[in-house]
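Here's the structure we're looking at; comments come further down.
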Amino acid sequence: MTDFLNDWGLTLVTFVPLVGALVMMAVPAAEERAIKQLALLSSLLAMVIGGLLLIDFDYGDAGALQFVVDARWIEVINSRYILGLDGISLPLLALTLVVVPLCVIYSWDHIPEPGNPKAFFILMLILETGMVGTFVAQDLILFFVFFEVVLLPMFFMIAVWGGENRRYASLKFFLFTLFGSALMLLSFLALFFLSTDPASGESLRTFDMRVLSDVAGAGILGSTQIWIFAGMFIGFGVKVPMFPFHTWLPDAHTEAPTVGSVILAAVLLKLGTYGFVRIAVPMLPDGAETWAPWIGLLAVIGIIYGALGCLAQTDMKRLIAFSSVAHMGFVMLGIATLTDFGINAAIFGMVAHGIITGMLFFVAGSVKERYHTLEIRRLGGLLVQAPRLGWILGLCSMASLGLPGLAGFWGEFPAILSAYSPAEGLPVETFRTYMVIAAVGTVLAAGYLLWLLQRTAMGKPSEEFADSDEIVDVTRTEWLAWTPLLVGIVLFGLLPGLIFDVTDPAVVGLLATGG
Amino acid sequence: MLAAAALAAKEIVAHGPSSVDSAGFFLDYAWLVPLLPALSFAAILAFGKRMRSKGAALGITAVASSFALSLGAAITWIGHRDDAHEGAAAVHRTVGWLRSGGITHDAGILVDGLSVMMLFVVTAVSLLVHVYSTDYVAGDARYTHFFAFLSLFTAAMLFFVLSDNLLQMIVGWELVGVCSFVLIGHWWEDRANSDAALKAFFTNRVGDVGLLVGVSILFFAAGRTFDTLTLSERINAGEVSHSALLAASLCLLAAVMSKSGQFILHTWLPDAMAGPTPVSALIHAATMVVAGIYMVARLYPVFWEGMSIGGSSINVLALVGAVTLLFGGLLAFTQNDIKKVLAYSTVSQLGYMVMALGVGAWTAAMFHLFTHAFFKACLFLGSGSVSHAVHSFDMKADMGGLRKAMPHTYRTFLVATVALMGLPPLAGFWSKDEILAGTGGWGLFGGTDANGSYILMLVMGMAGAAVTAAYMTRVVYLTFFGTYRGHGHPHESGPRILVPLYVLAVFAVGAGLFNMPKGFQFWPEAWQERFGHYVEPVAGYFPYIAHAKPSWSLAIASVLVALVGAGLAWRYYFRAVQARSPLTEIDDGPVSRGGMPRAVHTALVNKYYFDHLYTGVIVKAVKGPLARAVYWSNQRVIDGAVNEAGRRSVDAGRAVYDHIDQTLIDRVIVDGSGRASDGAGESLRGMQTGKVQQYAAILFAAATVLAGVFMLILSL
């Protein structure tokens with residue numbers, strides 16, 4: 001069993017959803033029930049395999065890549081099929097494997113207009129393969145392929161099942177990301193050509209991420225590293241999204257169908273930050289050191305800017321979307337410190353944001369379904385009409401504003417803390433200024449989230465909806481889809497070690513080789 | 001996930017309970033004290049509605065058990081302290097919590113005299129509040145929910161009190177805050193209530209910026225540790241830089257100002273009266289607001305060194321406290337809502353505690369926290385009893401003459417009032433007098449061996465005593481004397497309300513006995529200063545501080561000052577106003593008549609205009625123009641640029657197509673070689689159709705060109 005997992009586990013967990021999608025293609029579109037069952041089955045199967053991997057994972061050695069597969073792939077460019085799982089990938093892999101089945105469950109009776117569940121679920125599963133693959137790939141080209149696989153299904157999800165302005169939003173999402181990807185690919189190529197073996201001085205010509213992390217940019221001049229890093233900076237930064245490359249995000253979120261938004265917020269945005277942690281920072285330490293103050297600057301601008309943007313919103317979903325800009329700012333601030341503490345916080349922040357904001361989008365979707373509007377001005381009294389839904393919104397808002405005891409805090413505060421003492425070589429005063437600005441951002445976060453809560457959940461229901469019989473409390477499907485996330489919010493909030501203890505050895509190891 | 005959970009379990013087993021000698025069940029297992037109410041919170045939420053008592057019985061049982069455990073802890077601690085001659089070591093138990101940067105940060109409990117005292121106060125007041133609420137909140141739509149959060153509130157405060165590290169303190173600190181948010185906003189249907197709840201949360205969030213930054217500074221300054229004991233010991237050993245401590249203590253002070261209602265972040269406290277009265281009692285006596293005081297006391301080395309309290313010069317901590325106690329007290333004069341008067345009174349009394357900590361009178365501050373908890377809880381619950389009868393909190397419009405209709409409420413309220421005024425021999429007198437002595441400003445007849453000579457603090461404290469006595473006299477008159485101005489026939493409350501009142505009144509009378517001054521002739525020597533003996537740590541984690549000598553002359557002087565304040569108010573209300581026997585038109589003294597007094601009065605009515613500044617100016621500006629400007633620039637400037645770039649690329653594509661493709665290539669080259677490229681032309685025409693794939697192709701092509709340039713640069 002263990003041997004089998006060692007050799008095949010990661011491959012299976014990556015491709016099971018894709019196989020499921022292929023099988024579903026053969027099922028006629030009229031067989032809705034069978035399609036849904038197939039989708040659920042494949043995503044659950046992936047989750048079970050993932051669960052087995054998590055059980056079998058050696059936590060005492062979380063810094064090392066485990067279940068490694070290394071096989072021939074594209075020999076002409078020396079790109080290999082390498083997969084591996086360590087403490088940095090593990091929480092994100094788990095997050096993905098949990099979120100997708102929940103989205104399938106939620107979609108069971110929430111297929112957005114214009115219907116066609118077959119296509120919808122197929123896209124979702126392809127998306128899952130792309131996301132999982134990105135988190136476990138250990139070869140740059142393989143990583144790039146998975147990274148790009150994600151793009152198309154999400155594009156179609158928004159373009160077909162989206163809201164009124166879906167064409168503009170989907171196109172914007174697509175072009176922005178593609179633009180970033182192109183620069184990212186360039187940087188990968190540069191790494192391929194320029195990395196040298198520090199011992200022999202020979203050119204490595206490899207895309208193997210393990211090797212590239214180990215040599216840590218050896219042989220590449222500092223000035224060159226700055227350029228290569230810049231390419232990745234834009235590539236990953238667009239995905240995060242970092243200010244000022246963020247404008248695709250509110251549009252994409254606002255227009256996307258509910259589960260599209262959930263997946264986008266929960267997992268897709270993390271591909272960018274993961275790229276920074278896994279690729280940009282360890283492979284180009286000199287470039288990272290030069291850019292770190294600027295990343296930090298954009299991060300804190302994002303925090304304040306995103307929060308102010310939220311305050312100006314009149315639409316609940318758009319507000320939540322904007323809050324992502326602020327939250328990912330904290331993640332980026334943690335990364336920018338280039339310290340173990342900061343990067344741990346960043347990874348925690350990714351998972352926490354994934355769960356919390358994903359949950360908020362679920363709630364927004366359910367509110368929209370009941371009220372047919374998300375205009376904050378017209379809502380109110382949710383706690384009266386659907387008390388449980390209102391309380392869930394309250395809990396998620398509290399988690400989102402970084403309340404200690406809930407998951408959001410552990411991404412936020414340690415990031416602030418780490419900025420007090422950034423890695424050697426970085427300007428201390430600058431980062432301390434960032435620390436204070438970021439801390440002020442937490443006040444603004446409380447502002448927009450509590451005002452949202454006050455205006456939508458508290459008070460009395462507006463006359464318009466007072467007698468609406470469509471407004472029911474949380475349904476059974478919704479409970480099924482949400483409970484795991486809600487449990488996660490509380491559990492990780494109380495026992496942050498569940499994530500920190502796994503990521504820390506990997507992060508410490510990562511920075512040790514880099515320095 | 002499963003494996004991660006298993007890992008956590010393994011970790012806990014591996015780490016704890018540390019191989020330390022047992023300190024007895026009640027101290028080793030003090031973590032049960034917060035755990036019980038926390039469990040009851042979950043249970044009430046889950047099953048409360050199905051229970052016969054709607055969850056109240058469960059909550060009361062949990063808190064009563066916690067109280068019993070706290071009592072056990074207190075008794076064990078007393079034995080523990082008596083066994084140790086030099087001072088007892090704190091009981092410290094930890095388990096691994098999280099690992100970051102290769103360091104494991106523990107969670108744990110720190111049990112010493114200070115935390116045991118707090119456990120006792122919190123559970124005692126909470127228990128009484130629970131009992132009281134079964135009557136007071138009866139019939140409320142969210143009765144079960146109310147009890148659930150009462151439990152959580154208690155649990156959060158107890159968790160905070162037992163924290164052995166800064167990280168855990170932040171968690172407890174904020175959980176207390178969020179519970180108060182929920183409870184203040186209990187009747188959220190009304191906008192005013194939810195506004196008050198939000199205001200409380202925001203104001204605290206502002207202070208929390210200081211907390212987050214301050215803790216970050218301490219963490220690194222003390223050599224990467226959150227552990228309070230280690231931190232304190234390193235500070236006392238002089239291993240931590242003074243400037244870092246100064247910065248950290250100033251940051252933490254901001255947090256204290258918001259949590260404990262100190263000037264200038266006090267404005268949320270009176271508004272928090274929007275919550276049900278039992279909640280107000282809990283917030284003001286035992287939980288929320290004393291969290292700030294407790295934090296200063298717990299992290300005293302930080303403040304002691306950071307603010308150079310031993311250095312005898314005026315420091316910010318003492319100044320904030322002094323200003324708050326006086327100006328907060330003055331605000332109480334113009335309030336007609338009985339709870340708001342009490343709220344400002346809390347602000348003022350907390351000012352005493354902060355000032356005491358600022359002048360080095362640590363024990364006096366803690367003792368005042370202890371006595372204040374009982375008489376202030378009694379006053380709040382008493383005001384609740386009154387409002388229960390008259391269905392209003394407005395003293396001028398709906399109260400008066402209630403002493404006949406509500407004799408029990410009247411008696412207990414009066415006792416607590418006298419205690420608050422600081423008249424002997426009630427509890428408030430002893431603790432307040434100790435604070436005044438602790439300022440070291442009283443040089444007459446022998447002087448006091450305090451940590452310095454803070455004359456300004458003494459003067460402000462004295463003035464505050466007069467003010468306190470005066471506004472409380474006003475409250476007693478307006479509520480219980482004169483003629484009844486409300487509607488209906490008010491009647492006395494039931495036993496579930498009166499019993500807690502009497503219990504608290506007994507404490508208001510007797511709590512002072514726990515810390516009779518040293519050398520007090522009328523009290524056996526073995527029973528003197530017991531509170532200080534058991535509560536104040538004598539260990540490496542606490543700074544060495546001097547203890548002021550009590551002074552008869554100071555005690556007499558402070559009593560006289562309080563009597564003058566009470567007497568002036570008595571003369572005005574009980575004589576002048578009574579003689580006019582007005583119904584609703586009661587003037588608040590000669591101050592509202594004109595000129596300078598009038599200006600002062602207006603300033604007080606407007607609460608020194610802080611609310612106007614915060615809500616009307618700052619919040620409004622951020623929410624309105626600033627947020628809108630940012631969003632406008634987002635849509636117009638950044639997004640405008642993006643859209644413009646998109647439009648330009650399409651134009652460029654078109655230009656390429658029109659001029660180069662159609663003109664140059666097609667006409668000159670292709671046409672020249674015959675009309676062979678029809679197919680190719682067709683495919684390029686697609687550029688104008690706006691299909692996504694084509695845009696993508698253009699962009700990709702552009703990126704490829706860029707790539708070429710990039711590679712060129714790299715190869716140079």
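Chain identifiers are assigned as A, B, and so on, following the order in which chains appear in the structure tokens; residues are numbered from 1 within each chain, and ligands are numbered from 1 in order of appearance.
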Report as a PDB file with C-alpha atoms, in the first residue's frame all protein, DNA and RNA residues lying within 12 Å of A:Glu255, evaluated on only C-alpha atoms, omitting residues in the same chain fewer than 3 positions from it.
ATOM      1  CA  PRO A 112     -26.315  28.630 -12.593  1.00  0.00           C
ATOM      2  CA  MET A 154     -12.164  29.301 -15.467  1.00  0.00           C
ATOM      3  CA  PHE A 155     -12.449  31.512 -18.514  1.00  0.00           C
ATOM      4  CA  PHE A 156     -15.358  29.471 -19.812  1.00  0.00           C
ATOM      5  CA  MET A 157     -16.968  29.265 -16.422  1.00  0.00           C
ATOM      6  CA  ILE A 158     -17.133  33.034 -16.257  1.00  0.00           C
ATOM      7  CA  ALA A 159     -17.894  33.573 -19.929  1.00  0.00           C
ATOM      8  CA  VAL A 160     -20.743  31.065 -20.101  1.00  0.00           C
ATOM      9  CA  TRP A 161     -22.276  30.931 -16.627  1.00  0.00           C
ATOM     10  CA  GLY A 162     -21.404  34.458 -15.550  1.00  0.00           C
ATOM     11  CA  GLY A 163     -23.502  37.553 -14.910  1.00  0.00           C
ATOM     12  CA  GLU A 164     -24.494  40.349 -17.241  1.00  0.00           C
ATOM     13  CA  ASN A 165     -21.070  41.698 -17.920  1.00  0.00           C
ATOM     14  CA  ARG A 166     -19.468  38.287 -18.305  1.00  0.00           C
ATOM     15  CA  ARG A 167     -17.813  38.787 -21.669  1.00  0.00           C
ATOM     16  CA  TYR A 168     -15.805  41.767 -20.558  1.00  0.00           C
ATOM     17  CA  ALA A 169     -14.882  40.147 -17.248  1.00  0.00           C
ATOM     18  CA  SER A 170     -13.827  36.813 -18.688  1.00  0.00           C
ATOM     19  CA  LEU A 171     -11.760  38.388 -21.407  1.00  0.00           C
ATOM     20  CA  LYS A 172     -10.037  40.638 -18.944  1.00  0.00           C
ATOM     21  CA  PHE A 173      -9.262  37.708 -16.679  1.00  0.00           C
ATOM     22  CA  TRP A 248      -9.331  41.894 -13.284  1.00  0.00           C
ATOM     23  CA  LEU A 249     -10.247  40.384  -9.946  1.00  0.00           C
ATOM     24  CA  PRO A 250     -13.320  42.360  -8.871  1.00  0.00           C
ATOM     25  CA  ASP A 251     -14.795  42.028 -12.344  1.00  0.00           C
ATOM     26  CA  ALA A 252     -14.100  38.323 -12.595  1.00  0.00           C
ATOM     27  CA  THR A 258     -20.915  31.228  -7.205  1.00  0.00           C
ATOM     28  CA  VAL A 259     -18.710  28.148  -7.333  1.00  0.00           C
ATOM     29  CA  GLY A 260     -16.512  29.878  -9.878  1.00  0.00           C
ATOM     30  CA  SER A 261     -15.927  32.649  -7.367  1.00  0.00           C
ATOM     31  CA  LEU A 264     -11.159  31.446  -7.805  1.00  0.00           C
ATOM     32  CA  ASP A 315     -22.571  45.284  -4.079  1.00  0.00           C
ATOM     33  CA  LYS A 317     -20.069  40.236  -3.902  1.00  0.00           C
ATOM     34  CA  ARG A 318     -17.898  42.965  -5.297  1.00  0.00           C
ATOM     35  CA  ALA A 321     -13.906  40.429  -4.134  1.00  0.00           C
ATOM     36  CA  GLY A 365     -24.308  33.185  -3.724  1.00  0.00           C
TER      37      GLY A 365
END
Near stretch 519-529 of chain B, counting only C-alpha atoms, which residues have an atom at most 12 Å away, once you skip same-chain residues fewer than 5 positions from it, shown as JSON, numbers by chain?
-> {"B": [363, 364, 367, 430, 431, 434, 512, 513, 514, 534, 535, 536, 547, 549, 550, 551, 552, 555]}
Starting from chain B, keep only residues with some atom at most 6 Å from an atom of chain A, counting only C-alpha atoms, and report them as a count of residues only.
-> 20
Atom CA of B:Ser387 to atom CA of B:Trp187, straight-line distance in Å = 16.6 Å
Between atom CA of B:Thr483 and atom CA of B:Lys376, measure the distance and give it in Å to one decimal.
-> 25.8 Å
Which polymer residues have any atom within 8 Å of an atom of stretch 15-22 of chain A, counting only C-alpha atoms, with same-chain residues fewer than 3 positions away left out, as a list in words?
-> Thr11, Leu12, Met25, Ala26, Leu38, Ala39, Ser42, Ser43, Leu45, Ala46, Phe121, Ile122, Leu123, Leu125, Ile126, Glu128 and Thr129 of chain A
Could you please take those selected residues and save N, CA and C atoms as a compact mmCIF listing (two decimals), in the first residue's frame?
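Contents of the output file selection-v1.txt:
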# COMPACT_ATOMS: atom_id res chain seq x y z
N THR A 11 0.39 11.10 -8.78
CA THR A 11 -0.12 11.05 -10.15
C THR A 11 -1.63 10.83 -10.13
N LEU A 12 -2.04 9.88 -9.28
CA LEU A 12 -3.47 9.58 -9.20
C LEU A 12 -4.26 10.80 -8.75
N MET A 25 -17.65 12.94 -20.35
CA MET A 25 -17.88 13.37 -21.73
C MET A 25 -18.67 12.32 -22.49
N ALA A 26 -18.47 11.07 -22.08
CA ALA A 26 -19.16 9.99 -22.79
C ALA A 26 -20.61 9.86 -22.36
N LEU A 38 -21.10 11.22 -11.03
CA LEU A 38 -19.74 11.00 -11.52
C LEU A 38 -18.80 12.10 -11.04
N ALA A 39 -19.29 13.33 -11.13
CA ALA A 39 -18.45 14.46 -10.73
C ALA A 39 -18.11 14.35 -9.25
N SER A 42 -15.64 11.40 -8.66
CA SER A 42 -14.23 11.62 -9.00
C SER A 42 -13.58 12.61 -8.05
N SER A 43 -14.31 13.66 -7.67
CA SER A 43 -13.66 14.61 -6.77
C SER A 43 -13.48 13.99 -5.38
N LEU A 45 -13.05 10.80 -4.85
CA LEU A 45 -11.98 9.83 -4.97
C LEU A 45 -10.62 10.53 -4.85
N ALA A 46 -10.51 11.66 -5.52
CA ALA A 46 -9.26 12.42 -5.40
C ALA A 46 -9.02 12.81 -3.95
N PHE A 121 -19.66 20.70 -14.82
CA PHE A 121 -18.88 19.81 -13.95
C PHE A 121 -17.58 19.37 -14.61
N ILE A 122 -17.63 19.16 -15.92
CA ILE A 122 -16.39 18.77 -16.61
C ILE A 122 -15.32 19.85 -16.42
N LEU A 123 -15.75 21.09 -16.60
CA LEU A 123 -14.80 22.19 -16.43
C LEU A 123 -14.24 22.20 -15.01
N LEU A 125 -13.80 19.77 -13.00
CA LEU A 125 -12.83 18.70 -12.76
C LEU A 125 -11.50 18.97 -13.47
N ILE A 126 -11.59 19.51 -14.68
CA ILE A 126 -10.34 19.86 -15.36
C ILE A 126 -9.57 20.88 -14.52
N GLU A 128 -9.67 21.19 -11.40
CA GLU A 128 -9.05 20.55 -10.24
C GLU A 128 -7.71 19.92 -10.60
N THR A 129 -7.67 19.23 -11.75
CA THR A 129 -6.40 18.64 -12.17
C THR A 129 -5.32 19.71 -12.31
Out of stretch 374-464 of chain A, which residues get helix (DSSP H, G or I) from DSSP, as JSON, numbers by chain?
-> {"A": [376, 377, 378, 382, 383, 384, 385, 387, 388, 389, 390, 391, 392, 393, 394, 395, 396, 397, 398, 399, 400, 409, 410, 411, 412, 413, 414, 415, 416, 417, 418, 419, 420, 428, 429, 430, 431, 432, 433, 434, 435, 436, 437, 438, 439, 440, 441, 442, 443, 444, 445, 446, 447, 448, 449, 450, 451, 452, 453, 454, 455, 456, 463, 464]}
Give me the residues within 10 Å of A:Ala30 as a PDB file with C-alpha atoms, in the first residue's frame, counting only C-alpha atoms and dropping any in the same chain fewer than 4 places off.
ATOM      1  CA  ALA A  34     -25.375  10.326 -13.474  1.00  0.00           C
ATOM      2  CA  ILE A  35     -23.244  13.302 -14.381  1.00  0.00           C
ATOM      3  CA  ASN A 116     -25.847  22.500 -18.869  1.00  0.00           C
ATOM      4  CA  PRO A 117     -24.478  20.738 -15.793  1.00  0.00           C
ATOM      5  CA  LYS A 118     -22.428  18.375 -17.908  1.00  0.00           C
TER       6      LYS A 118
END
Taking the DSSP assignment computed from this structure's backbone, write out as a list in words all residues of stretch 58-224 of chain B that belong to strand (DSSP E).
->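 Selecting the strand (DSSP E) positions of stretch 58-224 of chain B gives Val91, His92, Arg93, Thr94, Val95, Gly96, Trp97, Leu98, Arg99, Ser100, Ile103, Thr104, His105, Asp106, Ala107, Gly108, Ile109, Leu110 and Val111 of chain B.
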Within 10 Å of A:Gly287, counting only C-alpha atoms, which residues show up once you throw out same-chain ones fewer than 3 positions away? Write them as JSON, numbers by chain, please.
-> {"A": [217, 220, 221, 222, 223, 224, 225, 226, 227, 228, 229, 230, 280, 281, 282, 283, 284, 290, 291, 292]}
